[in-house]
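The structure file input-v4.csv is reproduced below (CSV, C-alpha atoms and all ligand atoms).
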```
chain,number,residue,atom,x,y,z
A,1,MET,CA,-12.3,-5.1,20.2
A,2,SER,CA,-10.8,-5.7,23.7
A,3,THR,CA,-10.6,-8.3,26.4
A,4,SER,CA,-11.8,-7.7,30.0
A,5,GLU,CA,-8.2,-6.7,30.9
A,6,GLY,CA,-8.3,-4.0,28.2
A,7,THR,CA,-5.8,-5.7,26.0
A,8,ALA,CA,-6.5,-5.3,22.3
A,9,VAL,CA,-7.5,-8.5,20.5
A,10,GLU,CA,-5.8,-9.0,17.1
A,11,PRO,CA,-8.6,-8.8,14.6
A,12,TRP,CA,-7.2,-10.7,11.6
A,13,GLY,CA,-8.5,-14.2,10.9
A,14,ASN,CA,-7.6,-16.8,8.3
A,15,THR,CA,-7.6,-14.6,5.2
A,16,VAL,CA,-5.0,-12.1,6.5
A,17,ARG,CA,-1.8,-13.0,8.2
A,18,VAL,CA,0.4,-10.6,10.1
A,19,GLU,CA,4.0,-10.9,11.3
A,20,PHE,CA,5.9,-8.4,13.4
A,21,ASP,CA,9.7,-8.1,13.6
A,22,GLU,CA,12.4,-6.2,15.6
A,23,ASP,CA,12.5,-3.5,13.0
A,24,LYS,CA,8.9,-2.6,13.7
A,25,ILE,CA,7.8,-3.7,10.3
A,26,ALA,CA,4.3,-5.2,10.2
A,27,TRP,CA,4.2,-7.8,7.4
A,28,VAL,CA,0.6,-7.9,6.4
A,29,HIS,CA,-0.2,-10.8,4.0
A,30,PHE,CA,-3.1,-11.5,1.7
A,31,ASN,CA,-3.6,-15.1,2.9
A,32,ARG,CA,-5.6,-17.2,0.6
A,33,PRO,CA,-2.7,-18.8,-1.3
A,34,GLU,CA,-4.8,-21.7,-2.5
A,35,LYS,CA,-6.9,-19.1,-4.3
A,36,ARG,CA,-3.9,-17.1,-5.4
A,37,ASN,CA,-4.8,-14.5,-2.6
A,38,ALA,CA,-7.9,-13.4,-4.5
A,39,MET,CA,-9.9,-10.9,-2.4
A,40,ASN,CA,-13.2,-12.2,-1.2
A,41,PRO,CA,-15.6,-10.3,1.1
A,42,THR,CA,-14.2,-12.0,4.2
A,43,LEU,CA,-10.6,-10.9,3.3
A,44,ASN,CA,-11.8,-7.3,2.6
A,45,ARG,CA,-13.4,-7.1,6.0
A,46,GLU,CA,-10.4,-8.7,7.8
A,47,MET,CA,-8.0,-6.4,5.9
A,48,TYR,CA,-9.9,-3.3,7.0
A,49,ALA,CA,-9.9,-4.5,10.6
A,50,THR,CA,-6.2,-5.3,10.4
A,51,LEU,CA,-5.2,-1.9,9.0
A,52,ASP,CA,-7.4,-0.1,11.4
A,53,PHE,CA,-5.9,-2.0,14.3
A,54,LEU,CA,-2.3,-1.5,13.2
A,55,GLU,CA,-2.7,2.3,13.1
A,56,THR,CA,-2.5,2.3,16.9
A,57,ASP,CA,-0.2,-0.7,17.4
A,58,ASP,CA,3.4,0.3,18.3
A,59,ARG,CA,4.8,-2.9,16.8
A,60,CYS,CA,4.0,-1.3,13.4
A,61,ALA,CA,6.1,1.7,12.4
A,62,VAL,CA,5.9,0.8,8.7
A,63,LEU,CA,3.4,-1.6,7.0
A,64,VAL,CA,4.4,-4.0,4.3
A,65,LEU,CA,1.6,-5.4,2.2
A,66,THR,CA,2.5,-8.7,0.6
A,67,GLY,CA,1.1,-12.1,-0.2
A,68,SER,CA,1.4,-15.6,1.1
A,69,GLU,CA,3.4,-18.1,-1.1
A,70,ASP,CA,3.6,-17.3,-4.8
A,71,SER,CA,1.0,-14.6,-5.2
A,72,TRP,CA,0.5,-11.0,-4.3
A,73,SER,CA,-3.2,-11.0,-5.1
A,74,ALA,CA,-5.1,-12.3,-8.2
A,75,GLY,CA,-7.6,-9.5,-7.8
A,76,MET,CA,-11.2,-9.8,-6.8
A,77,ASP,CA,-12.5,-13.3,-6.2
A,78,LEU,CA,-14.6,-14.1,-9.3
A,79,LYS,CA,-16.7,-16.6,-7.4
A,80,GLU,CA,-17.3,-15.0,-4.0
A,81,TYR,CA,-17.1,-11.3,-4.8
A,82,PHE,CA,-18.9,-11.5,-8.2
A,83,ARG,CA,-20.8,-14.7,-8.9
A,84,GLU,CA,-22.2,-15.2,-5.4
A,85,THR,CA,-23.4,-11.6,-5.1
A,86,ASP,CA,-25.0,-11.5,-8.6
A,87,GLY,CA,-28.4,-12.6,-7.4
A,88,GLN,CA,-28.3,-10.4,-4.2
A,89,PRO,CA,-30.2,-7.1,-3.8
A,90,ARG,CA,-28.4,-4.0,-4.9
A,91,SER,CA,-28.0,-2.9,-1.3
A,92,VAL,CA,-26.0,-6.1,-0.6
A,93,GLN,CA,-23.8,-5.6,-3.7
A,94,ASN,CA,-23.2,-2.0,-2.6
A,95,LYS,CA,-22.1,-3.1,0.8
A,96,VAL,CA,-19.7,-5.7,-0.6
A,97,ARG,CA,-18.2,-3.1,-2.8
A,98,THR,CA,-17.8,-0.6,-0.1
A,99,GLU,CA,-16.1,-3.2,2.2
A,100,GLY,CA,-13.5,-3.5,-0.5
A,101,THR,CA,-12.9,0.2,-1.1
A,102,ASN,CA,-13.0,0.9,2.6
A,103,TRP,CA,-9.5,-0.7,2.9
A,104,GLN,CA,-8.2,-0.8,-0.7
A,105,PHE,CA,-8.4,3.0,-1.0
A,106,ARG,CA,-10.1,4.8,1.8
A,107,LYS,CA,-8.0,3.4,4.6
A,108,LEU,CA,-4.8,2.7,2.7
A,109,LEU,CA,-4.3,5.8,0.5
A,110,SER,CA,-3.9,8.1,3.5
A,111,TYR,CA,-2.7,5.6,6.0
A,112,SER,CA,-1.2,7.2,9.1
A,113,LYS,CA,2.0,5.1,8.8
A,114,PRO,CA,4.3,4.6,5.7
A,115,THR,CA,3.2,1.7,3.5
A,116,ILE,CA,5.2,-0.5,1.1
A,117,ALA,CA,3.7,-2.9,-1.4
A,118,MET,CA,6.1,-5.9,-1.7
A,119,VAL,CA,4.8,-7.6,-4.9
A,120,ASN,CA,6.0,-11.2,-4.7
A,121,GLY,CA,3.9,-12.7,-7.5
A,122,TRP,CA,0.5,-12.6,-9.3
A,123,CYS,CA,-1.1,-9.1,-9.3
A,124,PHE,CA,-4.3,-8.7,-11.3
A,125,GLY,CA,-7.2,-6.3,-11.8
A,126,GLY,CA,-8.6,-5.2,-8.4
A,127,ALA,CA,-5.2,-5.7,-6.8
A,128,PHE,CA,-4.0,-2.6,-8.6
A,129,VAL,CA,-6.0,-0.5,-6.2
A,130,PRO,CA,-4.2,-1.5,-3.0
A,131,LEU,CA,-1.0,-1.6,-5.0
A,132,VAL,CA,-1.3,2.1,-6.0
A,133,SER,CA,-2.6,3.1,-2.6
A,134,CYS,CA,0.6,2.0,-0.9
A,135,ASP,CA,3.1,4.8,-0.7
A,136,LEU,CA,6.0,2.8,-2.2
A,137,ALA,CA,6.2,-0.5,-4.1
A,138,ILE,CA,8.9,-3.0,-4.7
A,139,ALA,CA,8.3,-6.0,-7.0
A,140,ALA,CA,10.1,-9.2,-7.8
A,141,GLU,CA,11.4,-9.0,-11.4
A,142,ASP,CA,9.4,-12.1,-12.2
A,143,ALA,CA,6.1,-11.0,-10.6
A,144,THR,CA,3.2,-11.0,-13.1
A,145,PHE,CA,0.8,-8.1,-13.5
A,146,GLY,CA,-2.2,-7.6,-15.6
A,147,LEU,CA,-5.4,-5.6,-16.1
A,148,SER,CA,-7.2,-8.9,-17.0
A,149,GLU,CA,-10.7,-7.5,-16.8
A,150,VAL,CA,-11.3,-7.5,-20.6
A,151,ASN,CA,-10.0,-11.1,-20.7
A,152,TRP,CA,-13.1,-12.2,-18.7
A,153,GLY,CA,-15.6,-9.8,-20.2
A,154,VAL,CA,-15.8,-6.8,-18.0
A,155,THR,CA,-14.3,-3.3,-17.8
A,156,PRO,CA,-12.1,-2.4,-14.9
A,157,GLY,CA,-14.3,-1.4,-12.0
A,158,ASN,CA,-13.8,0.3,-8.7
A,159,LEU,CA,-10.9,2.7,-8.8
A,160,VAL,CA,-8.5,0.5,-10.9
A,161,THR,CA,-8.4,2.8,-13.8
A,162,ARG,CA,-8.3,6.0,-11.7
A,163,ALA,CA,-5.4,4.6,-9.7
A,164,LEU,CA,-3.6,3.7,-12.9
A,165,ALA,CA,-4.1,7.2,-14.3
A,166,GLU,CA,-2.5,8.6,-11.2
A,167,THR,CA,0.6,6.4,-11.6
A,168,ILE,CA,1.6,5.3,-15.1
A,169,PRO,CA,1.8,7.1,-18.5
A,170,THR,CA,-1.4,7.2,-20.6
A,171,ARG,CA,0.1,5.1,-23.4
A,172,ASP,CA,0.9,2.2,-21.1
A,173,ALA,CA,-2.3,2.5,-19.2
A,174,MET,CA,-4.4,2.4,-22.4
A,175,TYR,CA,-2.4,-0.5,-23.8
A,176,TYR,CA,-2.8,-2.8,-20.8
A,177,ILE,CA,-6.4,-1.8,-20.0
A,178,MET,CA,-7.5,-2.4,-23.6
A,179,THR,CA,-5.4,-5.5,-24.4
A,180,GLY,CA,-5.5,-7.4,-21.1
A,181,ASP,CA,-1.8,-8.4,-21.8
A,182,HIS,CA,0.2,-9.3,-18.8
A,183,PHE,CA,3.7,-7.9,-17.9
A,184,ASP,CA,6.5,-8.5,-15.5
A,185,GLY,CA,8.1,-6.6,-12.6
A,186,ARG,CA,10.8,-5.2,-14.9
A,187,LYS,CA,8.2,-3.6,-17.1
A,188,ALA,CA,6.2,-2.4,-14.0
A,189,GLU,CA,9.4,-0.6,-12.9
A,190,GLN,CA,10.0,0.9,-16.3
A,191,MET,CA,6.6,2.5,-16.4
A,192,ARG,CA,6.8,3.5,-12.7
A,193,LEU,CA,4.0,1.3,-11.5
A,194,VAL,CA,6.5,0.2,-8.8
A,195,ASN,CA,9.6,2.0,-7.5
A,196,GLU,CA,11.9,-0.9,-8.2
A,197,ALA,CA,12.0,-4.5,-9.4
A,198,VAL,CA,14.6,-6.7,-7.9
A,199,PRO,CA,15.4,-10.4,-8.3
A,200,ALA,CA,13.0,-12.5,-6.2
A,201,ASP,CA,15.7,-13.6,-3.8
A,202,GLN,CA,16.5,-10.0,-2.9
A,203,LEU,CA,12.9,-8.8,-2.5
A,204,ARG,CA,12.6,-9.1,1.2
A,205,ASP,CA,16.0,-7.7,2.0
A,206,ARG,CA,15.5,-4.7,-0.2
A,207,THR,CA,12.1,-4.1,1.3
A,208,ILE,CA,13.5,-4.2,4.8
A,209,GLU,CA,16.3,-1.8,3.8
A,210,LEU,CA,13.7,0.7,2.5
A,211,ALA,CA,11.4,0.2,5.6
A,212,LYS,CA,14.4,0.9,7.9
A,213,LYS,CA,15.2,4.0,6.0
A,214,LEU,CA,11.7,5.3,6.6
A,215,THR,CA,11.7,4.4,10.3
A,216,SER,CA,15.1,6.1,10.9
A,217,LEU,CA,13.4,9.5,10.2
A,218,SER,CA,11.0,11.5,12.4
A,219,GLN,CA,7.7,9.7,12.1
A,220,SER,CA,5.6,12.9,12.2
A,221,VAL,CA,7.8,14.5,9.6
A,222,VAL,CA,7.5,11.6,7.2
A,223,ARG,CA,3.7,11.4,7.8
A,224,GLY,CA,3.4,15.2,7.2
A,225,ALA,CA,5.4,14.9,4.0
A,226,LYS,CA,3.3,12.1,2.7
A,227,MET,CA,0.0,13.7,3.5
A,228,GLY,CA,1.2,16.9,1.9
A,229,PHE,CA,1.8,15.1,-1.4
A,230,ARG,CA,-1.3,12.9,-1.3
A,231,HIS,CA,-3.7,15.8,-0.6
A,232,SER,CA,-2.2,18.8,-2.3
A,233,ARG,CA,-2.1,17.6,-5.9
A,234,LEU,CA,-5.7,18.3,-6.7
A,235,MET,CA,-5.7,21.7,-4.9
A,236,SER,CA,-5.3,25.1,-6.4
A,237,TRP,CA,-1.9,26.6,-5.9
A,238,GLU,CA,-3.3,29.1,-3.5
A,239,VAL,CA,-5.0,26.5,-1.3
A,240,ALA,CA,-2.0,24.1,-1.6
A,241,GLU,CA,0.4,26.8,-0.4
A,242,ASP,CA,-1.7,27.3,2.7
A,243,PHE,CA,-2.2,23.6,3.3
A,244,LEU,CA,1.5,22.7,2.8
A,245,TYR,CA,2.6,25.4,5.2
A,246,ALA,CA,0.0,24.1,7.7
A,247,LYS,CA,1.6,20.6,7.4
A,248,HIS,CA,5.0,22.1,7.6
A,249,ASP,CA,4.2,23.9,10.8
A,250,GLN,CA,2.3,21.0,12.2
A,251,ALA,CA,5.3,18.6,11.8
A,252,ILE,CA,7.6,21.1,13.6
A,253,LEU,CA,5.0,21.3,16.4
A,254,PHE,CA,4.8,17.5,16.7
A,255,ASP,CA,8.5,16.9,16.6
A,256,THR,CA,10.4,20.1,17.4
A,257,ASP,CA,13.5,18.2,18.3
A,258,ALA,CA,13.9,16.7,14.8
A,259,ARG,CA,14.3,20.2,13.3
A,260,THR,CA,16.4,21.5,16.1
A,261,GLN,CA,18.8,18.6,15.9
A,262,GLY,CA,18.7,18.8,12.1
A,263,MET,CA,19.9,22.4,12.1
A,264,THR,CA,22.2,22.2,15.1
A,265,GLN,CA,24.2,19.2,13.9
A,266,PHE,CA,24.7,20.8,10.5
A,267,LEU,CA,25.2,24.5,11.2
A,268,ASP,CA,26.9,24.3,14.6
A,269,ASP,CA,28.4,20.8,15.2
A,270,LYS,CA,29.1,20.2,11.5
A,271,THR,CA,28.7,16.5,12.0
A,272,TYR,CA,26.6,15.7,8.9
A,273,ARG,CA,25.3,17.2,5.7
A,274,PRO,CA,21.5,17.1,5.2
A,275,GLY,CA,21.9,16.8,1.4
A,276,LEU,CA,23.7,13.5,1.9
A,277,GLY,CA,21.9,11.8,4.8
A,278,THR,CA,20.0,12.4,8.1
A,279,TYR,CA,21.1,13.8,11.4
A,280,SER,CA,22.1,11.5,14.3
A,281,THR,CA,19.5,10.4,16.9
A,282,ALA,CA,22.1,8.8,19.2
A,283,GLU,CA,22.0,10.1,22.8
B,301,LIG,N1,-11.0,-15.4,-8.3
B,301,LIG,C1,-11.5,-16.6,-7.8
B,301,LIG,N2,-10.7,-17.7,-7.8
B,301,LIG,C2,-9.4,-17.5,-8.2
B,301,LIG,C3,-8.9,-16.3,-8.7
B,301,LIG,C4,-9.8,-15.2,-8.7
B,301,LIG,N3,-9.4,-14.0,-9.1
B,301,LIG,N4,-7.6,-16.5,-9.0
B,301,LIG,C5,-7.3,-17.8,-8.8
B,301,LIG,N5,-8.4,-18.4,-8.3
B,301,LIG,C6,-8.6,-19.8,-7.9
B,301,LIG,C7,-8.8,-20.7,-9.0
B,301,LIG,O1,-10.2,-20.7,-9.4
B,301,LIG,C8,-8.3,-22.0,-8.4
B,301,LIG,O2,-9.3,-22.5,-7.6
B,301,LIG,P1,-9.6,-24.1,-7.4
B,301,LIG,O3,-8.3,-24.7,-6.9
B,301,LIG,O4,-10.7,-24.1,-6.3
B,301,LIG,O5,-10.0,-24.6,-8.7
B,301,LIG,C9,-7.1,-21.6,-7.6
B,301,LIG,O6,-7.3,-20.2,-7.3
B,301,LIG,C10,-5.8,-21.8,-8.3
B,301,LIG,O7,-5.9,-21.1,-9.6
B,301,LIG,P2,-5.2,-21.7,-10.9
B,301,LIG,O8,-5.7,-20.9,-12.0
B,301,LIG,O9,-5.2,-23.2,-10.9
B,301,LIG,O10,-3.7,-21.2,-10.5
B,301,LIG,P3,-2.4,-21.0,-11.5
B,301,LIG,O11,-1.2,-20.9,-10.6
B,301,LIG,O12,-2.4,-22.0,-12.6
B,301,LIG,O13,-2.7,-19.5,-12.2
B,301,LIG,C11,-3.4,-17.2,-12.1
B,301,LIG,C12,-2.7,-18.4,-11.4
B,301,LIG,C13,-2.7,-16.8,-13.4
B,301,LIG,C14,-3.4,-16.1,-11.1
B,301,LIG,C15,-4.9,-17.7,-12.4
B,301,LIG,O14,-5.5,-18.3,-11.3
B,301,LIG,C16,-5.7,-16.5,-12.9
B,301,LIG,O15,-5.7,-16.1,-14.0
B,301,LIG,N6,-6.6,-16.0,-11.9
B,301,LIG,C17,-7.5,-14.9,-12.3
B,301,LIG,C18,-6.7,-13.6,-12.4
B,301,LIG,C19,-7.7,-12.5,-12.7
B,301,LIG,O16,-8.0,-12.2,-13.8
B,301,LIG,N7,-8.3,-11.8,-11.6
B,301,LIG,C20,-9.3,-10.9,-11.8
B,301,LIG,C21,-8.8,-9.5,-12.1
B,301,LIG,S1,-10.2,-8.4,-12.5
B,301,LIG,C22,-10.7,-8.0,-11.0
B,301,LIG,O17,-10.1,-8.1,-10.0
B,301,LIG,C23,-12.0,-7.3,-10.9
B,302,LIG,C1,-12.8,-4.5,-10.1
B,302,LIG,C2,-12.3,-4.3,-8.8
B,302,LIG,C3,-13.2,-4.0,-7.8
B,302,LIG,C4,-14.5,-4.0,-8.1
B,302,LIG,C5,-15.0,-4.2,-9.3
B,302,LIG,O1,-11.9,-4.4,-12.2
B,302,LIG,C6,-14.1,-4.5,-10.3
B,302,LIG,C7,-11.8,-4.8,-11.1
B,302,LIG,C8,-11.4,-3.6,-6.4
B,302,LIG,O2,-12.7,-3.8,-6.6
B,302,LIG,O3,-15.4,-3.7,-7.0
```

Before we go any further, please render this structure as structure tokens.
Amino acid sequence: MSTSEGTAVEPWGNTVRVEFDEDKIAWVHFNRPEKRNAMNPTLNREMYATLDFLETDDRCAVLVLTGSEDSWSAGMDLKEYFRETDGQPRSVQNKVRTEGTNWQFRKLLSYSKPTIAMVNGWCFGGAFVPLVSCDLAIAAEDATFGLSEVNWGVTPGNLVTRALAETIPTRDAMYYIMTGDHFDGRKAEQMRLVNEAVPADQLRDRTIELAKKLTSLSQSVVRGAKMGFRHSRLMSWEVAEDFLYAKHDQAILFDTDARTQGMTQFLDDKTYRPGLGTYSTAE
């Protein structure tokens, strides 16, 4: 989308809210707090458009996915996503589902910028897909998570279970998938569903700290490192070796200065130690 002057028009509407800050963090919010930020078809479309737009927006160096008010996201909207599409032709249901996965997994899992899920509250069912698709996740200790599908009479759909299998141990996954029990942020940290759980009043500061760490490094190097991990895990070792060297060489090509400075400042200037921190980018 663009105006006659060629200026890009921000594509989010009422169900997604975006804030930018001086650290180049784009704060993307699920924004239906009165419905506990449940994902309806409109939100899914707006979220896709938002993520797509921010990939080429220089105000976004790192994307934080969070929720307005006291929820992260209460999962799929049982009324608008399920009940109201029940009577529709299969083709319509398929479209509605694809609009969800287009952003929850297809766009987000290999997003071109670093992503952090900042889980500020309720996180249920379908919300686990975008949660796991984010590169990193920080939760409030008192956030509430659950695979609540069995509690309302369905099995987890979409990629919920696949995403869990990628992330947490089998025992925990089976327990929560089969019982529908909810758990808190501390438990989510313990089973590595999130990187860290912090007290709610420290959630934003810790997220900013982590985001700034990511933006202090070479963006092409961070991107290459991320894509290398995302894509290589299902490859054979032979193919992975070739692919990871291709990413390695590509990152050097995209940001030759990073590697040159990295080596020079350590080996010649002796001004830093790569094992303990990054090189200086000051002029
Ligand atoms: N789908 C549709 N509407 C929802 C959803 C949802 N997933 N979650 C909350 N809402 C709506 C409620 O219907 C209610 O709407 P209303 O004000 O028009 O009546 C409003 O949000 C507030 O909900 P309450 O239940 O009153 O809020 P409360 O703070 O007491 O509880 C909680 C919050 C625990 C999140 C509760 O709303 C809940 O259990 N929601 C469903 C969670 C869930 O199981 N999601 C589906 C996961 S499975 C999947 O995604 C496929
Ligand atoms: C779920 C989630 C979906 C879906 C069907 O179990 C079921 C939750 C994220 O999308 O399309």

Hey, what's within 9 Å of Glu46 (chain A) if we count all atoms listed in the file and toss same-chain stuff fewer than 2 positions away? As an NGL selection string, please? :A and (11-16 or 41-44 or 48-51)

Taking all atoms listed in the file into account, produce a table as CSV in which each residue of chain A with an atom at most 9 Å from an atom of ligand LIG 301 (chain B) appears once, together with its shortest atom pair and the distance in Å to one decimal, ordered by chain and rising number.
```
residue,atom,partner,partner_atom,distance
A:Arg32,CA,B:LIG301,O6,8.6
A:Pro33,CA,B:LIG301,O6,7.7
A:Glu34,CA,B:LIG301,C9,5.6
A:Lys35,CA,B:LIG301,O6,3.2
A:Arg36,CA,B:LIG301,C5,4.9
A:Asn37,CA,B:LIG301,N4,7.3
A:Ala38,CA,B:LIG301,N3,4.9
A:Met39,CA,B:LIG301,N3,7.4
A:Asn40,CA,B:LIG301,N1,8.1
A:Asp70,CA,B:LIG301,O11,8.3
A:Ser71,CA,B:LIG301,C14,7.5
A:Ser73,CA,B:LIG301,C14,7.9
A:Ala74,CA,B:LIG301,C18,4.7
A:Gly75,CA,B:LIG301,O17,3.6
A:Met76,CA,B:LIG301,O17,3.8
A:Asp77,CA,B:LIG301,N1,3.3
A:Leu78,CA,B:LIG301,N1,4.0
A:Lys79,CA,B:LIG301,C1,5.2
A:Glu80,CA,B:LIG301,C1,7.1
A:Tyr81,CA,B:LIG301,N1,8.1
A:Phe82,CA,B:LIG301,C23,8.5
A:Gly121,CA,B:LIG301,C14,8.8
A:Trp122,CA,B:LIG301,C14,5.5
A:Cys123,CA,B:LIG301,C14,7.6
A:Phe124,CA,B:LIG301,C21,4.6
A:Gly125,CA,B:LIG301,C21,3.6
A:Gly126,CA,B:LIG301,O17,3.6
A:Ala127,CA,B:LIG301,O17,6.3
A:Phe128,CA,B:LIG301,O17,8.3
A:Thr144,CA,B:LIG301,C13,8.3
A:Gly146,CA,B:LIG301,O16,7.6
A:Leu147,CA,B:LIG301,C21,6.5
A:Ser148,CA,B:LIG301,O16,4.7
A:Glu149,CA,B:LIG301,S1,4.4
A:Val150,CA,B:LIG301,S1,8.2
A:Asn151,CA,B:LIG301,O16,7.3
A:Trp152,CA,B:LIG301,O16,7.1
A:Val154,CA,B:LIG301,S1,8.0
A:Thr155,CA,B:LIG301,C23,8.3
A:Pro156,CA,B:LIG301,C23,6.3
A:Gly157,CA,B:LIG301,C23,6.4
A:Asn158,CA,B:LIG301,C23,8.1
A:Val160,CA,B:LIG301,C23,8.5
```

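Near Phe20 (chain A), within 8 Å and counting only C-alpha atoms, sit A:Lys24, A:Ile25, A:Ala26, A:Trp27, A:Arg59, A:Cys60; same-chain residues fewer than 4 positions away were not included.
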
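The gap separating CA of Thr271 (chain A) from CA of Gly224 (chain A) is 25.8 Å, in Å to one decimal.
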
In terms of the shortest atom-to-atom distance over all atoms listed in the file, which of A:Leu63, A:Ala251, A:Ala8, A:Leu164 is closest to ligand LIG 302 (chain B)?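 Among the listed residues, the smallest separation from ligand LIG 302 (chain B) belongs to A:Leu164.
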
Nearest to ligand LIG 302 (chain B): which of A:Met174, A:Ala211, A:Val129, A:Ala165 is it, counting all atoms listed in the file?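 Using all atoms listed in the file, ligand LIG 302 (chain B) sits closest to A:Val129.
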
Quick one: everything within 10 Å of Ala117 (chain A), counting all atoms listed in the file, minus sequence neighbours fewer than 6 positions away in the same chain. Send it as a PyMOL selection string. chain A and resi 28+63-67+72+130-139+194-195+207

Dump of C-alpha atoms for the selected residues, as a PDB file, in the coordinates of the input:
```
ATOM      1  CA  VAL A  28       0.600  -7.900   6.400  1.00  0.00           C
ATOM      2  CA  LEU A  63       3.400  -1.600   7.000  1.00  0.00           C
ATOM      3  CA  VAL A  64       4.400  -4.000   4.300  1.00  0.00           C
ATOM      4  CA  LEU A  65       1.600  -5.400   2.200  1.00  0.00           C
ATOM      5  CA  THR A  66       2.500  -8.700   0.600  1.00  0.00           C
ATOM      6  CA  GLY A  67       1.100 -12.100  -0.200  1.00  0.00           C
ATOM      7  CA  TRP A  72       0.500 -11.000  -4.300  1.00  0.00           C
ATOM      8  CA  PRO A 130      -4.200  -1.500  -3.000  1.00  0.00           C
ATOM      9  CA  LEU A 131      -1.000  -1.600  -5.000  1.00  0.00           C
ATOM     10  CA  VAL A 132      -1.300   2.100  -6.000  1.00  0.00           C
ATOM     11  CA  SER A 133      -2.600   3.100  -2.600  1.00  0.00           C
ATOM     12  CA  CYS A 134       0.600   2.000  -0.900  1.00  0.00           C
ATOM     13  CA  ASP A 135       3.100   4.800  -0.700  1.00  0.00           C
ATOM     14  CA  LEU A 136       6.000   2.800  -2.200  1.00  0.00           C
ATOM     15  CA  ALA A 137       6.200  -0.500  -4.100  1.00  0.00           C
ATOM     16  CA  ILE A 138       8.900  -3.000  -4.700  1.00  0.00           C
ATOM     17  CA  ALA A 139       8.300  -6.000  -7.000  1.00  0.00           C
ATOM     18  CA  VAL A 194       6.500   0.200  -8.800  1.00  0.00           C
ATOM     19  CA  ASN A 195       9.600   2.000  -7.500  1.00  0.00           C
ATOM     20  CA  THR A 207      12.100  -4.100   1.300  1.00  0.00           C
TER      21      THR A 207
END
```

Which one of A:Trp103, A:Phe30, A:Phe53, A:Tyr111 sits closest to ligand LIG 302 (chain B) if you count only C-alpha atoms and all ligand atoms?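 Of A:Trp103, A:Phe30, A:Phe53, A:Tyr111, the one nearest ligand LIG 302 (chain B) is A:Trp103, counting only C-alpha atoms and all ligand atoms.
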
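CA of Ala61 (chain A) sits 11.3 Å away from CA of Val222 (chain A).
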
With distances taken over only C-alpha atoms and all ligand atoms, which of A:Ile177, A:Leu109, A:Leu54, A:Ile208 is nearest to ligand LIG 302 (chain B)?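 Using only C-alpha atoms and all ligand atoms, the shortest distance to ligand LIG 302 (chain B) belongs to A:Ile177.
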
Given all atoms listed in the file as the basis, pick out the residue of A:Ser280, A:Ser112, A:Asn102, A:Thr167 nearest to ligand LIG 302 (chain B).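 Among A:Ser280, A:Ser112, A:Asn102, A:Thr167, it is A:Asn102 that comes nearest to ligand LIG 302 (chain B).
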
Box in all listed atoms of ligand LIG 302 (chain B), axis-aligned, with 8 Å more on each side; write out centre and edge lengths in Å to one decimal as AutoDock Vina command-line options.
```
--center_x -13.4 --center_y -4.2 --center_z -9.3 --size_x 20.0 --size_y 17.2 --size_z 21.8
```

Grab the CA of Arg233 (chain A) to CA of Glu166 (chain A) distance for me, in Å with one decimal place.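 It comes out at 10.5 Å.
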
Nearest residue to ligand LIG 302 (chain B) from the set A:Leu108, A:Leu159, A:Ala140, A:Met227 (distances using only C-alpha atoms and all ligand atoms):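 Ranked by minimum distance to ligand LIG 302 (chain B), first place goes to A:Leu159.
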
I'd like the neighbourhood of Asp172 (chain A) as number ranges by chain, where a residue qualifies if any of its atoms comes within 12 Å (using only C-alpha atoms), though same-chain residues fewer than 3 positions away should be ignored. A: 146-147, 161, 164-165, 167-169, 175-183, 187-188, 190-193
